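First the structure, in the form of structure tokens, and then the observations on it.
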Amino acid sequence: MSRRNALRQPFEYLNAIVETDIMRVDGVERRPATARKILKSLARLQGTSAAAMVMAADLGDGGKPVHVNTIRSYLNALSQMFVTEDMEPWFPSLRSKARLRTLDTRYFTDPSIAVAAMQIAPADLMNDLRTFGLLFETMAMRDLRTYAEALSGSVYHYHDSNGLECDAIIHLDSGGYGLVEVKVGGESLIESGANTLAALSNLIDTGRMKPPAFKMVLTAVGEYAYRRPEDGVIVCPICCLKP
């Protein structure tokens, strides 16, 4: 397949979603233009727990507002089509009295759909590292879920009332689990991710549950995984993942 055809495929898939598939999934008639707007808003808010009301505000900026119930209908259809997938929160036993956030976070099952929804070209991403980071996180979650399922496990996220967040917790049926922060790369971002992992690990009440089997910063760059000697955190390029 040529590079040009490969770049065109996500846009063709997006067109199929909004023109036909979103109405076939449950027989409800929906507007392609509204579906495109909602997918674009989802792309901007991917990896968050943004509710329909937040999306309504996002969509209502400078145009005709979209009703919250309409947004919920489209979101349900996209979920049934496996265009998006929600990630449930993790509820560990903690030493802290922080309240745990209970909302799911939402990701595209394929980050290329988000790229098409935002109409971004590869050159645009190279000049917008924030958006690139969001898309990389979506790709990382897709891969983590795939490999976790192969090991009879699930992937969750953590967010508490003190503002501490952890991108992914891989939890196996055996009760073992690992903490994962997703970072594009670079020493400062890896250090930030390691600090987050340490903060969450220190909150876990190991008298009531196992300590984490591993702590990992998952990166976009690099050829080899390694373990940091100072804290035991694994720094792993996404290309090194395997079940």
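Quick note on naming: the chains in the structure tokens go A, B, ... in the order shown, residues restart at 1 in each chain, and ligands are numbered from 1 in order of appearance.
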As a tab-separated table (two decimals) with N, CA and C atoms, in the first residue's frame, please: all residues of range 51-211 of chain A that backbone DSSP puts in helix (DSSP H, G or I).
chain	number	residue	atom	x	y	z
A	52	ALA	N	-21.29	14.51	28.61
A	52	ALA	CA	-22.03	15.10	27.49
A	52	ALA	C	-22.21	16.60	27.66
A	53	MET	N	-22.37	17.06	28.91
A	53	MET	CA	-22.56	18.49	29.14
A	53	MET	C	-21.30	19.28	28.76
A	54	VAL	N	-20.13	18.72	29.06
A	54	VAL	CA	-18.88	19.37	28.67
A	54	VAL	C	-18.76	19.42	27.16
A	55	MET	N	-19.12	18.33	26.50
A	55	MET	CA	-19.06	18.30	25.05
A	55	MET	C	-20.06	19.27	24.44
A	56	ALA	N	-21.23	19.43	25.06
A	56	ALA	CA	-22.22	20.38	24.56
A	56	ALA	C	-21.65	21.80	24.57
A	57	ALA	N	-20.93	22.14	25.65
A	57	ALA	CA	-20.30	23.46	25.72
A	57	ALA	C	-19.22	23.60	24.67
A	58	ASP	N	-18.46	22.54	24.45
A	58	ASP	CA	-17.40	22.56	23.45
A	58	ASP	C	-17.99	22.74	22.05
A	59	LEU	N	-19.09	22.06	21.78
A	59	LEU	CA	-19.71	22.13	20.46
A	59	LEU	C	-20.49	23.42	20.24
A	68	VAL	N	-27.74	17.98	24.93
A	68	VAL	CA	-27.02	16.95	25.68
A	68	VAL	C	-27.55	15.56	25.35
A	69	ASN	N	-28.86	15.41	25.25
A	69	ASN	CA	-29.42	14.09	24.95
A	69	ASN	C	-29.02	13.61	23.56
A	70	THR	N	-28.89	14.56	22.63
A	70	THR	CA	-28.43	14.21	21.28
A	70	THR	C	-27.00	13.68	21.33
A	71	ILE	N	-26.16	14.37	22.09
A	71	ILE	CA	-24.77	13.95	22.23
A	71	ILE	C	-24.70	12.55	22.83
A	72	ARG	N	-25.49	12.30	23.87
A	72	ARG	CA	-25.49	10.99	24.51
A	72	ARG	C	-25.89	9.90	23.52
A	73	SER	N	-26.87	10.19	22.67
A	73	SER	CA	-27.31	9.22	21.67
A	73	SER	C	-26.17	8.89	20.71
A	74	TYR	N	-25.46	9.90	20.25
A	74	TYR	CA	-24.35	9.68	19.33
A	74	TYR	C	-23.21	8.93	20.04
A	75	LEU	N	-22.94	9.29	21.27
A	75	LEU	CA	-21.87	8.62	22.02
A	75	LEU	C	-22.18	7.14	22.22
A	76	ASN	N	-23.44	6.84	22.53
A	76	ASN	CA	-23.84	5.44	22.70
A	76	ASN	C	-23.67	4.66	21.40
A	77	ALA	N	-24.03	5.29	20.29
A	77	ALA	CA	-23.89	4.63	18.99
A	77	ALA	C	-22.42	4.38	18.67
A	78	LEU	N	-21.56	5.35	18.92
A	78	LEU	CA	-20.13	5.20	18.64
A	78	LEU	C	-19.52	4.10	19.51
A	79	SER	N	-20.00	3.99	20.74
A	79	SER	CA	-19.52	2.93	21.62
A	79	SER	C	-19.97	1.55	21.12
A	80	GLN	N	-21.23	1.43	20.68
A	80	GLN	CA	-21.73	0.17	20.15
A	80	GLN	C	-20.97	-0.26	18.90
A	111	PRO	N	-6.50	5.50	17.00
A	111	PRO	CA	-6.17	6.92	17.02
A	111	PRO	C	-6.25	7.59	15.65
A	112	SER	N	-6.20	6.80	14.58
A	112	SER	CA	-6.28	7.41	13.25
A	112	SER	C	-7.65	8.04	13.01
A	113	ILE	N	-8.70	7.55	13.70
A	113	ILE	CA	-10.03	8.17	13.56
A	113	ILE	C	-10.00	9.58	14.13
A	114	ALA	N	-9.30	9.76	15.25
A	114	ALA	CA	-9.17	11.10	15.83
A	114	ALA	C	-8.41	12.02	14.90
A	115	VAL	N	-7.37	11.50	14.26
A	115	VAL	CA	-6.60	12.29	13.30
A	115	VAL	C	-7.50	12.76	12.17
A	116	ALA	N	-8.31	11.85	11.64
A	116	ALA	CA	-9.22	12.20	10.55
A	116	ALA	C	-10.28	13.20	11.02
A	117	ALA	N	-10.80	13.01	12.23
A	117	ALA	CA	-11.83	13.91	12.75
A	117	ALA	C	-11.31	15.34	12.90
A	118	MET	N	-10.04	15.47	13.29
A	118	MET	CA	-9.44	16.80	13.44
A	118	MET	C	-8.80	17.30	12.15
A	122	PRO	N	0.31	14.61	8.86
A	122	PRO	CA	1.52	14.27	9.63
A	122	PRO	C	2.39	15.48	9.96
A	123	ALA	N	2.53	16.39	9.01
A	123	ALA	CA	3.36	17.58	9.27
A	123	ALA	C	2.77	18.44	10.38
A	124	ASP	N	1.44	18.48	10.46
A	124	ASP	CA	0.79	19.25	11.53
A	124	ASP	C	1.14	18.68	12.90
A	125	LEU	N	1.16	17.36	13.00
A	125	LEU	CA	1.46	16.72	14.28
A	125	LEU	C	2.89	17.00	14.73
A	126	MET	N	3.81	17.07	13.80
A	126	MET	CA	5.20	17.35	14.16
A	126	MET	C	5.35	18.75	14.75
A	129	LEU	N	3.09	19.17	19.44
A	129	LEU	CA	3.46	18.03	20.27
A	129	LEU	C	2.38	17.69	21.30
A	130	ARG	N	1.58	18.66	21.70
A	130	ARG	CA	0.52	18.37	22.66
A	130	ARG	C	-0.50	17.40	22.04
A	131	THR	N	-0.95	17.71	20.81
A	131	THR	CA	-1.90	16.83	20.13
A	131	THR	C	-1.25	15.49	19.82
A	132	PHE	N	0.02	15.52	19.42
A	132	PHE	CA	0.74	14.28	19.17
A	132	PHE	C	0.76	13.41	20.43
A	133	GLY	N	0.97	14.05	21.58
A	133	GLY	CA	0.98	13.31	22.84
A	133	GLY	C	-0.36	12.67	23.15
A	134	LEU	N	-1.44	13.38	22.88
A	134	LEU	CA	-2.78	12.82	23.11
A	134	LEU	C	-3.03	11.60	22.22
A	135	LEU	N	-2.62	11.73	20.96
A	135	LEU	CA	-2.82	10.61	20.03
A	135	LEU	C	-1.94	9.43	20.39
A	136	PHE	N	-0.72	9.72	20.86
A	136	PHE	CA	0.15	8.62	21.29
A	136	PHE	C	-0.44	7.91	22.49
A	137	GLU	N	-1.02	8.68	23.42
A	137	GLU	CA	-1.65	8.05	24.59
A	137	GLU	C	-2.79	7.13	24.16
A	138	THR	N	-3.59	7.56	23.19
A	138	THR	CA	-4.67	6.73	22.70
A	138	THR	C	-4.14	5.44	22.09
A	139	MET	N	-3.07	5.54	21.31
A	139	MET	CA	-2.46	4.35	20.72
A	139	MET	C	-1.90	3.43	21.80
A	140	ALA	N	-1.28	4.04	22.82
A	140	ALA	CA	-0.72	3.26	23.92
A	140	ALA	C	-1.82	2.49	24.66
A	141	MET	N	-2.96	3.15	24.90
A	141	MET	CA	-4.05	2.47	25.60
A	141	MET	C	-4.60	1.32	24.77
A	142	ARG	N	-4.67	1.51	23.46
A	142	ARG	CA	-5.12	0.42	22.59
A	142	ARG	C	-4.19	-0.79	22.73
A	143	ASP	N	-2.88	-0.54	22.71
A	143	ASP	CA	-1.92	-1.64	22.79
A	143	ASP	C	-1.93	-2.29	24.17
A	144	LEU	N	-1.99	-1.47	25.21
A	144	LEU	CA	-2.01	-2.02	26.57
A	144	LEU	C	-3.23	-2.91	26.78
A	145	ARG	N	-4.36	-2.48	26.28
A	145	ARG	CA	-5.57	-3.28	26.43
A	145	ARG	C	-5.46	-4.60	25.67
A	146	THR	N	-4.89	-4.53	24.47
A	146	THR	CA	-4.75	-5.74	23.67
A	146	THR	C	-3.87	-6.76	24.38
A	147	TYR	N	-2.75	-6.31	24.90
A	147	TYR	CA	-1.82	-7.23	25.56
A	147	TYR	C	-2.35	-7.69	26.91
A	148	ALA	N	-3.03	-6.80	27.63
A	148	ALA	CA	-3.60	-7.18	28.92
A	148	ALA	C	-4.66	-8.26	28.74
A	149	GLU	N	-5.49	-8.11	27.71
A	149	GLU	CA	-6.53	-9.11	27.46
A	149	GLU	C	-5.91	-10.47	27.14
A	150	ALA	N	-4.77	-10.47	26.45
A	150	ALA	CA	-4.08	-11.72	26.15
A	150	ALA	C	-3.59	-12.42	27.42
A	187	GLU	N	13.90	13.23	28.92
A	187	GLU	CA	14.26	13.03	30.33
A	187	GLU	C	13.28	13.67	31.29
A	188	SER	N	12.84	14.90	30.99
A	188	SER	CA	11.96	15.60	31.93
A	188	SER	C	10.60	14.93	32.02
A	189	LEU	N	10.05	14.47	30.88
A	189	LEU	CA	8.75	13.81	30.90
A	189	LEU	C	8.85	12.44	31.56
A	190	ILE	N	9.93	11.72	31.31
A	190	ILE	CA	10.12	10.42	31.97
A	190	ILE	C	10.23	10.61	33.48
A	191	GLU	N	10.95	11.63	33.90
A	191	GLU	CA	11.07	11.91	35.34
A	191	GLU	C	9.72	12.27	35.95
A	192	SER	N	8.93	13.06	35.22
A	192	SER	CA	7.59	13.41	35.69
A	192	SER	C	6.72	12.17	35.84
A	193	GLY	N	6.78	11.28	34.86
A	193	GLY	CA	6.01	10.04	34.94
A	193	GLY	C	6.44	9.17	36.11
A	194	ALA	N	7.76	9.07	36.32
A	194	ALA	CA	8.28	8.27	37.44
A	194	ALA	C	7.83	8.83	38.78
A	195	ASN	N	7.79	10.16	38.88
A	195	ASN	CA	7.33	10.80	40.12
A	195	ASN	C	5.86	10.50	40.39
A	196	THR	N	5.06	10.50	39.35
A	196	THR	CA	3.64	10.16	39.51
A	196	THR	C	3.47	8.72	39.99
A	197	LEU	N	4.23	7.82	39.39
A	197	LEU	CA	4.16	6.41	39.78
A	197	LEU	C	4.58	6.23	41.24
A	198	ALA	N	5.61	6.95	41.66
A	198	ALA	CA	6.06	6.85	43.05
A	198	ALA	C	5.00	7.38	44.00
A	199	ALA	N	4.37	8.50	43.62
A	199	ALA	CA	3.34	9.10	44.48
A	199	ALA	C	2.16	8.15	44.68
A	200	LEU	N	1.71	7.52	43.60
A	200	LEU	CA	0.59	6.60	43.73
A	200	LEU	C	1.00	5.34	44.49
A	201	SER	N	2.18	4.83	44.19
A	201	SER	CA	2.65	3.62	44.87
A	201	SER	C	2.73	3.85	46.39
A	202	ASN	N	3.15	5.04	46.79
A	202	ASN	CA	3.28	5.34	48.23
A	202	ASN	C	1.93	5.47	48.93
A	203	LEU	N	0.86	5.71	48.15
A	203	LEU	CA	-0.48	5.82	48.74
A	203	LEU	C	-1.15	4.47	48.97
Using only C-alpha atoms, tabulate the residues of range 170-190 of chain A lying at most 12 Å from any atom of range 83-91 of chain A, each with its closest atom pair and that distance in Å to one decimal, by chain and increasing residue number, as a Markdown table.
| residue | atom | partner | partner_atom | distance |
| --- | --- | --- | --- | --- |
| A:Ile170 | CA | A:Trp90 | CA | 9.8 |
| A:His171 | CA | A:Trp90 | CA | 9.3 |
| A:Tyr177 | CA | A:Trp90 | CA | 11.0 |
| A:Gly178 | CA | A:Trp90 | CA | 11.8 |
| A:Leu179 | CA | A:Trp90 | CA | 10.9 |
Exercise for the section: Would you mind reading off the distance between CA of Asp167 in chain A and CA of Arg106 in chain A, one decimal, in Å? Expected result: 11.9 Å
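If you count only C-alpha atoms and ignore residues fewer than 5 places along the chain from Met23 in chain A, what sits within 10 Å of it is Ile17, Val18, Val28, Glu29, Arg30, Arg31, Pro32, Tyr74 and Ala77 of chain A.
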Practice task
Calculate how many Å separate CA of Ile204 in chain A from CA of Met216 in chain A, rounding to one decimal.
Solution key: 16.3 Å
Exercise for the section: Would you mind telling me which residue in A:Pro237, A:Ile120, A:Arg228, A:Met81 lies nearest to Arg24 in chain A when using only C-alpha atoms? Expected result: A:Met81
Handout entry: Length of the CA of Ile22 in chain A to CA of Lys37 in chain A vector [Å]
Key = 13.4 Å
Practice task
List the neighbours of Val180 in chain A out to 7 Å using only C-alpha atoms; skip same-chain residues closer than 6 positions along the sequence, and give me the result as a list of chain:residue names.
Solution key: A:Cys166, A:Asp167, A:Ala168, A:Ile169, A:Lys215, A:Met216, A:Val217, A:Leu218
Please produce a file of the residues just selected, as an mmCIF file, in the first residue's frame, where the atoms kept are C-alpha atoms.
data_model
loop_
_atom_site.group_PDB
_atom_site.id
_atom_site.type_symbol
_atom_site.label_atom_id
_atom_site.label_comp_id
_atom_site.auth_asym_id
_atom_site.auth_seq_id
_atom_site.Cartn_x
_atom_site.Cartn_y
_atom_site.Cartn_z
ATOM 1 C CA CYS A 166 -2.181 7.652 36.656
ATOM 2 C CA ASP A 167 -2.792 6.863 32.999
ATOM 3 C CA ALA A 168 -3.130 3.087 33.220
ATOM 4 C CA ILE A 169 -3.257 0.302 35.775
ATOM 5 C CA LYS A 215 5.986 0.608 37.602
ATOM 6 C CA MET A 216 6.502 1.643 33.991
ATOM 7 C CA VAL A 217 6.820 4.790 31.901
ATOM 8 C CA LEU A 218 5.721 3.908 28.373
#
Exercise for the section: Would you please give, as a ChimeraX atom specification, all residues of range 39-165 of chain A that DSSP assigns to strand (DSSP E or B) based on the backbone? Expected result: /A:48,84-87,89,94,100,105-108,153-160,165
Hey, can you spit out that residue selection with N, CA and C atoms as a PDB file, in the first residue's frame?
ATOM      1  N   THR A  48     -10.037  11.859  28.461  1.00  0.00           N
ATOM      2  CA  THR A  48     -10.601  12.567  29.609  1.00  0.00           C
ATOM      3  C   THR A  48     -11.938  11.912  29.975  1.00  0.00           C
ATOM      4  N   THR A  84     -15.310   4.068  19.892  1.00  0.00           N
ATOM      5  CA  THR A  84     -14.748   4.525  21.157  1.00  0.00           C
ATOM      6  C   THR A  84     -14.893   3.429  22.199  1.00  0.00           C
ATOM      7  N   GLU A  85     -14.075   3.536  23.235  1.00  0.00           N
ATOM      8  CA  GLU A  85     -14.142   2.564  24.337  1.00  0.00           C
ATOM      9  C   GLU A  85     -13.824   3.294  25.634  1.00  0.00           C
ATOM     10  N   ASP A  86     -14.660   3.094  26.630  1.00  0.00           N
ATOM     11  CA  ASP A  86     -14.450   3.735  27.923  1.00  0.00           C
ATOM     12  C   ASP A  86     -13.513   2.909  28.791  1.00  0.00           C
ATOM     13  N   MET A  87     -12.759   3.604  29.633  1.00  0.00           N
ATOM     14  CA  MET A  87     -11.867   2.938  30.583  1.00  0.00           C
ATOM     15  C   MET A  87     -12.363   3.226  32.000  1.00  0.00           C
ATOM     16  N   PRO A  89     -12.515   3.447  36.170  1.00  0.00           N
ATOM     17  CA  PRO A  89     -11.555   3.866  37.199  1.00  0.00           C
ATOM     18  C   PRO A  89     -11.131   2.700  38.082  1.00  0.00           C
ATOM     19  N   LEU A  94      -6.232   2.555  49.920  1.00  0.00           N
ATOM     20  CA  LEU A  94      -5.259   3.634  50.069  1.00  0.00           C
ATOM     21  C   LEU A  94      -5.026   3.992  51.526  1.00  0.00           C
ATOM     22  N   LEU A 100     -11.839   9.132  45.478  1.00  0.00           N
ATOM     23  CA  LEU A 100     -11.496   8.626  44.157  1.00  0.00           C
ATOM     24  C   LEU A 100     -12.543   9.054  43.136  1.00  0.00           C
ATOM     25  N   THR A 105     -12.929   7.228  31.617  1.00  0.00           N
ATOM     26  CA  THR A 105     -12.301   8.033  30.575  1.00  0.00           C
ATOM     27  C   THR A 105     -12.591   7.375  29.232  1.00  0.00           C
ATOM     28  N   ARG A 106     -12.553   8.185  28.186  1.00  0.00           N
ATOM     29  CA  ARG A 106     -12.965   7.693  26.868  1.00  0.00           C
ATOM     30  C   ARG A 106     -11.818   7.842  25.878  1.00  0.00           C
ATOM     31  N   TYR A 107     -11.572   6.774  25.112  1.00  0.00           N
ATOM     32  CA  TYR A 107     -10.549   6.783  24.077  1.00  0.00           C
ATOM     33  C   TYR A 107     -11.131   6.267  22.763  1.00  0.00           C
ATOM     34  N   PHE A 108     -10.553   6.703  21.661  1.00  0.00           N
ATOM     35  CA  PHE A 108     -10.826   6.066  20.378  1.00  0.00           C
ATOM     36  C   PHE A 108     -10.139   4.705  20.364  1.00  0.00           C
ATOM     37  N   GLY A 153      -6.244  -9.980  31.629  1.00  0.00           N
ATOM     38  CA  GLY A 153      -6.236  -8.796  32.479  1.00  0.00           C
ATOM     39  C   GLY A 153      -7.075  -7.669  31.899  1.00  0.00           C
ATOM     40  N   SER A 154      -7.169  -6.586  32.659  1.00  0.00           N
ATOM     41  CA  SER A 154      -7.908  -5.395  32.255  1.00  0.00           C
ATOM     42  C   SER A 154      -7.064  -4.158  32.540  1.00  0.00           C
ATOM     43  N   VAL A 155      -7.442  -3.051  31.926  1.00  0.00           N
ATOM     44  CA  VAL A 155      -6.721  -1.792  32.117  1.00  0.00           C
ATOM     45  C   VAL A 155      -7.682  -0.755  32.691  1.00  0.00           C
ATOM     46  N   TYR A 156      -7.236  -0.077  33.737  1.00  0.00           N
ATOM     47  CA  TYR A 156      -8.027   0.946  34.404  1.00  0.00           C
ATOM     48  C   TYR A 156      -7.227   2.248  34.476  1.00  0.00           C
ATOM     49  N   HIS A 157      -7.882   3.307  34.963  1.00  0.00           N
ATOM     50  CA  HIS A 157      -7.172   4.563  35.200  1.00  0.00           C
ATOM     51  C   HIS A 157      -7.413   5.015  36.636  1.00  0.00           C
ATOM     52  N   TYR A 158      -6.550   5.902  37.125  1.00  0.00           N
ATOM     53  CA  TYR A 158      -6.661   6.386  38.507  1.00  0.00           C
ATOM     54  C   TYR A 158      -6.696   7.908  38.512  1.00  0.00           C
ATOM     55  N   HIS A 159      -7.603   8.471  39.317  1.00  0.00           N
ATOM     56  CA  HIS A 159      -7.693   9.927  39.485  1.00  0.00           C
ATOM     57  C   HIS A 159      -8.346  10.190  40.831  1.00  0.00           C
ATOM     58  N   ASP A 160      -7.683  10.974  41.675  1.00  0.00           N
ATOM     59  CA  ASP A 160      -8.278  11.251  42.984  1.00  0.00           C
ATOM     60  C   ASP A 160      -8.525  12.741  43.180  1.00  0.00           C
ATOM     61  N   GLU A 165      -3.180  11.637  39.151  1.00  0.00           N
ATOM     62  CA  GLU A 165      -3.696  10.805  38.073  1.00  0.00           C
ATOM     63  C   GLU A 165      -2.629   9.831  37.611  1.00  0.00           C
TER      64      GLU A 165
END
